[in-house]
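Enquirer: Next up is a structure, given as structure tokens.
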Amino acid sequence: MEFTENLNGWTAGSAEASLLHRIATQIQQSIQLPEILTTTVAEIRAFLGTDRVMVYRFDADGSGEVIAESINQQRLSPLLGLHFPADDIPLEVRETFLRARQRSIVNVASGRIGLSPLASPTTGQSLSSENLYYRTVDPCHVQYLTAMGVQSSLVVPMLHHDATVHTAKPRLWGLLISHHSEARTDLQRDLQIVQQVADQLVIAIAQNHLLIHNRAEQQRQAIIDRVTTLLHSLPTIQLQPALTAAITAFEGIGGRIYLKNTAELYTCGEQPRLSDVPENTVIEEHSLWEDWINECKQGNIWAITDLHQEPHWQILASLFQSTQIRGMLMIPLTVRQNFVGIFTIFSREFDTEILWAGQRDANNKQQLTQLSFAPWLEHKKQQAPEWKPEEIALGCALAHQFAVAIHQQQTHQQLQVLNTNLELQVQERTAELQRSLNLSQIIKQVSDQIRSNLDYKITLQTIVNEVRKILQTDRVLIYQIFDNLRGEVIVEDVDDNLRSIIGMVAPIECFPDEYARLYLRGRIRAINNTATADLSPCHQEFLQSLHIQANLIVPIKIDAQLWGLIIAHECYAPRNWQDVEIDLLQKLAEEAALAIKQAQLFENSRIAESVAAGQTQHLVHALDEIQQAQLFKTEKMSSLGLWALGVAQEIKNPVNFIYRNLSHTNEYTQELLQLLRLYQSYYPYPNNEIRHQTQVIDLDFLLENLPKTLSEMQTQAERINSMVSSLRNVSYRERAAIRPVNQEEVT
């Protein structure tokens with residue numbers, strides 16, 4: 001197949017322009033790439049008058065698939081949807097397609113192939129589009145085309161540059177191929193028009209890629225927003241619904257969140273079967289996982305494509321044997337270098353069916369030229385999907401939202417615990433002060449009795465009445481001793497259901513003489529359970545006769561003499577006497593002694609009254625200060641909540657405006673930069689004034705730095721949005737209830 005000159009240039013030019021116009025119109029009117037490709041191959045085949053025109057797209061492994069095809073009356077076997085192995089187009093040929101944008105024209109009958117590179121394979125400099133040289137075609141290539149029923153072919157490569165990645169290099173996206181079942185002499189214009197159509201298709205592919213990329217970005221952002229809403233919509237974090245939403249959006253078979261500090265585990269979907277380990281065992285606590293945790297605290301991510309092929313995972317791979325879990329993505333949850341847990345996503349194994357153009361050798365080492373291209377369906381079971389970069393990026397974004405929410409909850413819980421502890425301490429201190437106040441009031445009341453009369457029995461009666469009231473016990477009495485422990489009960493206050501023992505004399509034989517000596521030395525005896533106490537049988541029998549199950553005895557001493565005992569009885573159940581109760585009884589025993597010595601110590605009793613009054617005032621003042629502090633705290637937290645809400649509302653509108661328009665600004669900027677590159681491509685030699693201005697503004701630096709600046713502006717806008725959300729969350733929590741807030745979260 002050789003070039004000839006076009007004798008009817010005007011007619012051909014009109015047809016070419018019409019073809020390009022129709023294809024460009026189709027690209028503008030449709031955003032569906034399959035529709036554009038299908039229409040384009042039909043237009044080109046009709047224009048060239050060949051038997052087949054098809055679009056062949058390369059996969060990442062070098063193999064490819066026919067994704068669009070137009071055939072003339074079935075003169076050639078259809079190839080649409082068929083896959084071809086990478087060996088059918090050798091690596092060195094694919095590299096010439098990429099480096100030199102080399103086109104090829106094969107004439108099977110003459111055994112010649114014409115090669116027309118658009119760029120130098122060594123320097124990369126553009127060459128003339130008419131540059132063409134011939135050589136003998138490889139015999140295997142001739143056999144391959146002959147087996148396909150093709151006598152002449154034309155191949156034009158299509159390169160794609162990913163505009164979403166600034167540093168991405170062009171890659172070989174596919175081929176635009178024309179086949180004819182007979183020998184054909186191609187006009188030079190045929191190669192040119194096919195090249196122009198290929199250039200149009202490259203634009204359509206780039207537009208489709210941008211559309212898919214933008215839609216994917218919008219979908220990923222929608223997923224992140226949905227999970228973020230679930231995490232922050234309620235006062236209490238809802239991890240389980242958020243985890244379920246994240247795994248569902250990921251189309252994962254299962255997932256889990258493990259919190260390191262609390263060992264909490266949240267699961268969703270299918271999980272590893274822990275049949276041979278204890279019931280409460282968590283795989284995150286396995287030593288293998290612990291080792292990874294220590295590494296991932298530095299920000300590592302573990303993306304496992306196939307659990308059963310991962311060398312470091314063989315120990316735990318058996319746990320997944322009976323499940324459909326094949327891959328695993330583990331992302332550490334960290335906030336400001338604080339490790340809080342692990343976010344794990346499980347991927348499902350899948351079966352594949354690939355329609356090949358002819359059956360291939362099982363070991364994928366085809367030695368002979370393909371003789372049949374009859375469709376052959378290959379089945380592959382239990383395939384492991386690889387984690388894509390965009391999936392890992394989405395997982396990291398979701399993990400960040402989980403980490404922030406968990407960290408905020410843990411911080412909030414810590415503040416709640418701290419606040420609760422402080423409140424308990426305040427309550428305990430208040431209760432202690434109240435008890436001290438009550439004690440002081442009782443002591444004051446007894447002191448008043450002592451000053452107001454000379455009948456000490458009235459004072460003693462007041463003591464037993466007040467003691468029984470405060471201790472809430474069954475009986476309180478004062479036993480006066482005449483000789484050793486011989487004496488009688490002189491005053492008491494007793495429960496209505498118990499009999500009075502006024503005037504009762506204790507059996508002296510039940511109490512050894514040493515008891516008196518011990519009481520004189522200040523002994524206090526607290527018996528919590530008389531049935532188990534170390535007492536003599538006589539003593540036990542005496543207490544049982546009075547139905548006493550616990551008692552508290554404090555001596556009343558006057559100078560060096562044991563005057564008597566003040567005793568509290570618990571008659572219905574044992575009781576553990578508290579230090580404050582013993583202290584109360586001791587103090588009142590002292591007051592009783594004062595009452596007895598009223599005549600001698602009257603002056604001292606007045607001083608005690610003054611001291612008691614001052615202590616009472618101090619305690620009341622302390623209580624008032626505590627109440628004022630609590631009121632101030634309440635008002636301060638309420639003001640902080642209102643301030644946070646006001647700041648958040650003032651910031652939100654301008655930040656939202658900036659954030660919404662950053663994506664448009666970035667898009668417009670990319671389009672302008674793309675237009676500038678087209679100008680540079682088609683006008684590589686600008687005039688002196690343009691070259692001078694290019695140097696003045698440092699165009700290369702501007703092209704490189706402007707997208708980074710826009711990206712950084714978007715990052716900062718997101719940070720402000722995050723801070724505004726935190727401020728609003730703080731204000732809403734404060735309006736619902738008064739809680740402590742960590743100021744670092746809102747700064």
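By convention in this document, the chains of the structure tokens carry letters A, B, ... by their order, each chain's residues are numbered from 1, and ligands are numbered from 1 in the order they are shown.
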If we count only C-alpha atoms, what is near Phe58 (chain A) at a cut-off of 9 Å, once residues fewer than 2 positions away on the same chain are taken out, given as a ChimeraX atom specification?

Expert: /A:56,60-65,86,172-175

Enquirer: Per residue of region 519-589 of chain A within 12 Å of region 420-436 of chain A, what are the shortest atom pair and its distance in Å to one decimal, counting only C-alpha atoms, with rows by chain and residue number, as a Markdown table?

Expert:
| residue | atom | partner | partner_atom | distance |
| --- | --- | --- | --- | --- |
| A:Val580 | CA | A:Arg435 | CA | 8.6 |
| A:Glu581 | CA | A:Arg435 | CA | 10.1 |
| A:Asp583 | CA | A:Ser436 | CA | 10.5 |
| A:Leu584 | CA | A:Ser436 | CA | 9.3 |
| A:Lys587 | CA | A:Ser436 | CA | 11.6 |

Enquirer: Running DSSP on the backbone, which parts of region 323-402 of chain A land in helix (DSSP H, G or I), as a list in words?

Expert: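 Residues of region 323-402 of chain A classed as helix (DSSP H, G or I): Pro389, Glu390, Glu391, Ile392, Ala393, Leu394, Gly395, Cys396, Ala397, Leu398, Ala399, His400, Gln401 and Phe402 of chain A.
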
Enquirer: I'd like the contact shell of Val137 (chain A) - 7 Å cut-off, only C-alpha atoms, skipping same-chain residues fewer than 4 positions apart - returned as a list in words.

Expert: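 Everything that qualifies: Gly111, Arg112, Ile113, His141 and Val142 of chain A.
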
Enquirer: Would you mind exporting N, CA, C and O atoms of the selected residues as a PDB file, in the first residue's frame?

Expert:
ATOM      1  N   GLY A 111       4.456  -6.970   0.904  1.00  0.00           N
ATOM      2  CA  GLY A 111       5.338  -7.269   2.028  1.00  0.00           C
ATOM      3  C   GLY A 111       6.069  -6.061   2.546  1.00  0.00           C
ATOM      4  O   GLY A 111       7.141  -6.190   3.147  1.00  0.00           O
ATOM      5  N   ARG A 112       5.526  -4.873   2.339  1.00  0.00           N
ATOM      6  CA  ARG A 112       6.191  -3.646   2.770  1.00  0.00           C
ATOM      7  C   ARG A 112       5.345  -2.941   3.824  1.00  0.00           C
ATOM      8  O   ARG A 112       4.113  -3.030   3.839  1.00  0.00           O
ATOM      9  N   ILE A 113       6.039  -2.238   4.712  1.00  0.00           N
ATOM     10  CA  ILE A 113       5.386  -1.417   5.728  1.00  0.00           C
ATOM     11  C   ILE A 113       5.952  -0.014   5.648  1.00  0.00           C
ATOM     12  O   ILE A 113       7.178   0.175   5.588  1.00  0.00           O
ATOM     13  N   HIS A 141       4.179 -10.550  11.271  1.00  0.00           N
ATOM     14  CA  HIS A 141       3.151  -9.515  11.148  1.00  0.00           C
ATOM     15  C   HIS A 141       2.260  -9.805   9.941  1.00  0.00           C
ATOM     16  O   HIS A 141       1.025  -9.675  10.008  1.00  0.00           O
ATOM     17  N   VAL A 142       2.901 -10.239   8.832  1.00  0.00           N
ATOM     18  CA  VAL A 142       2.138 -10.598   7.638  1.00  0.00           C
ATOM     19  C   VAL A 142       1.220 -11.773   7.926  1.00  0.00           C
ATOM     20  O   VAL A 142       0.040 -11.785   7.552  1.00  0.00           O
TER      21      VAL A 142
END

Enquirer: List the neighbours of Ser722 (chain A) out to 12 Å using only C-alpha atoms; skip same-chain residues closer than 2 positions along the sequence, and give me the result as a PyMOL selection string.

Expert: chain A and resi 225+228+232+400-401+404-405+648+651-652+655-656+659+715-720+724-729+745-747

Enquirer: Just want the 9 Å neighbourhood of region 499-514 of chain A, counted on only C-alpha atoms, with same-chain residues fewer than 6 positions away dropped. Output as a PyMOL selection string.

Expert: chain A and resi 477+479+484-493+536-540+542+546

Enquirer: Give me the residues within 10 Å of Gly124 (chain A) as an MDAnalysis selection string, counting only C-alpha atoms and dropping any in the same chain fewer than 4 places off.

Expert: chainID A and resid 99:101 118:120

Enquirer: Please, could you write that set of residues out with N, CA and C atoms as an mmCIF file, in the first residue's frame?

Expert:
data_model
loop_
_atom_site.group_PDB
_atom_site.id
_atom_site.type_symbol
_atom_site.label_atom_id
_atom_site.label_comp_id
_atom_site.auth_asym_id
_atom_site.auth_seq_id
_atom_site.Cartn_x
_atom_site.Cartn_y
_atom_site.Cartn_z
ATOM 1 N N ARG A 99 6.806 7.263 21.855
ATOM 2 C CA ARG A 99 7.891 8.245 21.760
ATOM 3 C C ARG A 99 7.848 9.031 20.452
ATOM 4 N N ALA A 100 7.609 8.328 19.347
ATOM 5 C CA ALA A 100 7.695 8.974 18.037
ATOM 6 C C ALA A 100 6.327 9.244 17.420
ATOM 7 N N ARG A 101 5.253 8.829 18.121
ATOM 8 C CA ARG A 101 3.900 8.927 17.549
ATOM 9 C C ARG A 101 3.909 8.358 16.130
ATOM 10 N N LEU A 118 5.858 11.181 13.795
ATOM 11 C CA LEU A 118 5.599 12.618 13.912
ATOM 12 C C LEU A 118 6.646 13.307 14.789
ATOM 13 N N ALA A 119 7.441 12.512 15.497
ATOM 14 C CA ALA A 119 8.484 13.089 16.353
ATOM 15 C C ALA A 119 9.698 12.187 16.308
ATOM 16 N N SER A 120 10.840 12.777 16.529
ATOM 17 C CA SER A 120 12.076 12.010 16.540
ATOM 18 C C SER A 120 12.117 11.131 17.781
#

Enquirer: Closest to Ala263 (chain A) among A:Gly341, A:Gln627, A:Val467, A:Ala204, using only C-alpha atoms?

Expert: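 Smallest separation from Ala263 (chain A) among the options: A:Gly341.
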
Enquirer: Which neighbours of Ala550 (chain A) fall inside 9 Å, counting only C-alpha atoms, when residues of the same chain fewer than 4 positions from it are skipped, and could you give them as a list in words?

Expert: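 Within the cut-off, the hits are Ala526, Ile527, Asn528, Asn529, Thr530, Ala531, Ala568, His569, Glu570, Cys571, Tyr572, Ala573, Pro574, Arg575, Asn576 and Trp577 of chain A.
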
Enquirer: Those selected residues, please, written with all heavy atoms and delivered as a short mmCIF file (atom, residue, chain, number, x, y, z; two decimals), in the first residue's frame.

Expert:
data_model
loop_
_atom_site.label_atom_id
_atom_site.label_comp_id
_atom_site.auth_asym_id
_atom_site.auth_seq_id
_atom_site.Cartn_x
_atom_site.Cartn_y
_atom_site.Cartn_z
N ALA A 526 -15.74 1.03 118.79
CA ALA A 526 -16.76 0.97 117.74
C ALA A 526 -16.94 -0.49 117.35
O ALA A 526 -16.03 -1.11 116.77
CB ALA A 526 -16.34 1.80 116.53
N ILE A 527 -18.10 -1.07 117.68
CA ILE A 527 -18.42 -2.46 117.35
C ILE A 527 -19.41 -2.44 116.19
O ILE A 527 -20.56 -2.01 116.36
CB ILE A 527 -19.00 -3.21 118.56
CG1 ILE A 527 -18.00 -3.19 119.73
CG2 ILE A 527 -19.35 -4.64 118.19
CD1 ILE A 527 -18.53 -3.82 121.00
N ASN A 528 -18.96 -2.89 115.02
CA ASN A 528 -19.82 -2.86 113.84
C ASN A 528 -20.83 -4.00 113.83
O ASN A 528 -21.92 -3.85 113.29
CB ASN A 528 -18.98 -2.92 112.57
CG ASN A 528 -18.06 -1.71 112.43
OD1 ASN A 528 -18.39 -0.61 112.88
ND2 ASN A 528 -16.89 -1.91 111.85
N ASN A 529 -20.46 -5.14 114.43
CA ASN A 529 -21.37 -6.30 114.49
C ASN A 529 -21.10 -7.04 115.79
O ASN A 529 -20.05 -7.67 115.94
CB ASN A 529 -21.15 -7.21 113.28
CG ASN A 529 -22.22 -8.28 113.15
OD1 ASN A 529 -22.92 -8.59 114.12
ND2 ASN A 529 -22.33 -8.87 111.97
N THR A 530 -22.04 -6.94 116.69
CA THR A 530 -21.84 -7.57 118.01
C THR A 530 -21.80 -9.08 117.92
O THR A 530 -21.22 -9.75 118.78
CB THR A 530 -22.96 -7.14 118.96
OG1 THR A 530 -24.24 -7.51 118.39
CG2 THR A 530 -22.95 -5.64 119.18
N ALA A 531 -22.41 -9.64 116.87
CA ALA A 531 -22.44 -11.10 116.76
C ALA A 531 -21.08 -11.67 116.41
O ALA A 531 -20.77 -12.82 116.75
CB ALA A 531 -23.46 -11.52 115.71
N ALA A 568 -24.06 4.92 121.54
CA ALA A 568 -25.06 4.85 120.47
C ALA A 568 -25.32 3.38 120.16
O ALA A 568 -24.38 2.60 120.00
CB ALA A 568 -24.57 5.58 119.22
N HIS A 569 -26.60 2.99 120.05
CA HIS A 569 -27.00 1.61 119.77
C HIS A 569 -27.66 1.51 118.40
O HIS A 569 -28.51 2.36 118.05
CB HIS A 569 -27.97 1.10 120.84
CG HIS A 569 -27.33 0.83 122.16
ND1 HIS A 569 -28.06 0.70 123.34
CD2 HIS A 569 -26.03 0.67 122.51
CE1 HIS A 569 -27.24 0.46 124.34
NE2 HIS A 569 -26.00 0.45 123.85
N GLU A 570 -27.31 0.47 117.65
CA GLU A 570 -28.00 0.10 116.42
C GLU A 570 -28.64 -1.26 116.68
O GLU A 570 -27.94 -2.26 116.89
CB GLU A 570 -27.02 0.02 115.24
CG GLU A 570 -27.66 0.02 113.89
CD GLU A 570 -28.24 1.36 113.48
OE1 GLU A 570 -27.73 2.40 113.95
OE2 GLU A 570 -29.21 1.36 112.69
N CYS A 571 -29.99 -1.31 116.67
CA CYS A 571 -30.69 -2.50 117.15
C CYS A 571 -31.32 -3.35 116.05
O CYS A 571 -31.77 -4.47 116.32
CB CYS A 571 -31.78 -2.09 118.15
SG CYS A 571 -31.13 -1.25 119.62
N TYR A 572 -31.37 -2.87 114.83
CA TYR A 572 -32.05 -3.63 113.77
C TYR A 572 -31.10 -4.28 112.76
O TYR A 572 -31.49 -5.19 112.05
CB TYR A 572 -33.03 -2.71 113.03
CG TYR A 572 -34.15 -2.19 113.91
CD1 TYR A 572 -34.15 -0.88 114.34
CD2 TYR A 572 -35.18 -3.04 114.32
CE1 TYR A 572 -35.17 -0.40 115.16
CE2 TYR A 572 -36.21 -2.57 115.13
CZ TYR A 572 -36.20 -1.24 115.55
OH TYR A 572 -37.21 -0.79 116.36
N ALA A 573 -29.87 -3.80 112.73
CA ALA A 573 -28.91 -4.37 111.78
C ALA A 573 -27.51 -3.91 112.17
O ALA A 573 -27.35 -2.89 112.86
CB ALA A 573 -29.23 -3.93 110.36
N PRO A 574 -26.49 -4.65 111.75
CA PRO A 574 -25.12 -4.19 111.99
C PRO A 574 -24.87 -2.86 111.27
O PRO A 574 -25.60 -2.47 110.36
CB PRO A 574 -24.26 -5.31 111.39
CG PRO A 574 -25.14 -6.52 111.39
CD PRO A 574 -26.53 -6.00 111.15
N ARG A 575 -23.80 -2.16 111.68
CA ARG A 575 -23.51 -0.84 111.10
C ARG A 575 -22.02 -0.57 111.16
O ARG A 575 -21.37 -0.84 112.18
CB ARG A 575 -24.28 0.23 111.85
CG ARG A 575 -23.96 1.66 111.41
CD ARG A 575 -24.89 2.64 112.03
NE ARG A 575 -24.58 4.02 111.67
CZ ARG A 575 -25.37 5.05 111.90
NH1 ARG A 575 -26.54 4.87 112.52
NH2 ARG A 575 -25.02 6.26 111.53
N ASN A 576 -21.52 -0.02 110.07
CA ASN A 576 -20.12 0.40 110.03
C ASN A 576 -20.04 1.86 110.45
O ASN A 576 -20.51 2.74 109.73
CB ASN A 576 -19.52 0.21 108.63
CG ASN A 576 -19.39 -1.24 108.24
OD1 ASN A 576 -19.07 -2.08 109.08
ND2 ASN A 576 -19.64 -1.56 106.98
N TRP A 577 -19.46 2.08 111.61
CA TRP A 577 -19.37 3.44 112.12
C TRP A 577 -18.28 4.21 111.37
O TRP A 577 -17.18 3.72 111.18
CB TRP A 577 -19.07 3.42 113.62
CG TRP A 577 -20.13 2.68 114.41
CD1 TRP A 577 -20.04 1.42 114.90
CD2 TRP A 577 -21.41 3.18 114.77
NE1 TRP A 577 -21.19 1.07 115.55
CE2 TRP A 577 -22.06 2.13 115.49
CE3 TRP A 577 -22.10 4.37 114.56
CZ2 TRP A 577 -23.35 2.27 116.01
CZ3 TRP A 577 -23.37 4.50 115.09
CH2 TRP A 577 -23.99 3.46 115.79
#

Enquirer: Hey, can you check how far CA of Gln240 (chain A) sits from CA of Cys268 (chain A)?

Expert: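 Between CA of Gln240 (chain A) and CA of Cys268 (chain A) the gap is 7.8 Å.
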
Enquirer: Mind pulling up the distance from CA of Leu243 (chain A) to CA of Glu386 (chain A)?

Expert: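 That distance, rounded to one decimal, is 21.7 Å.
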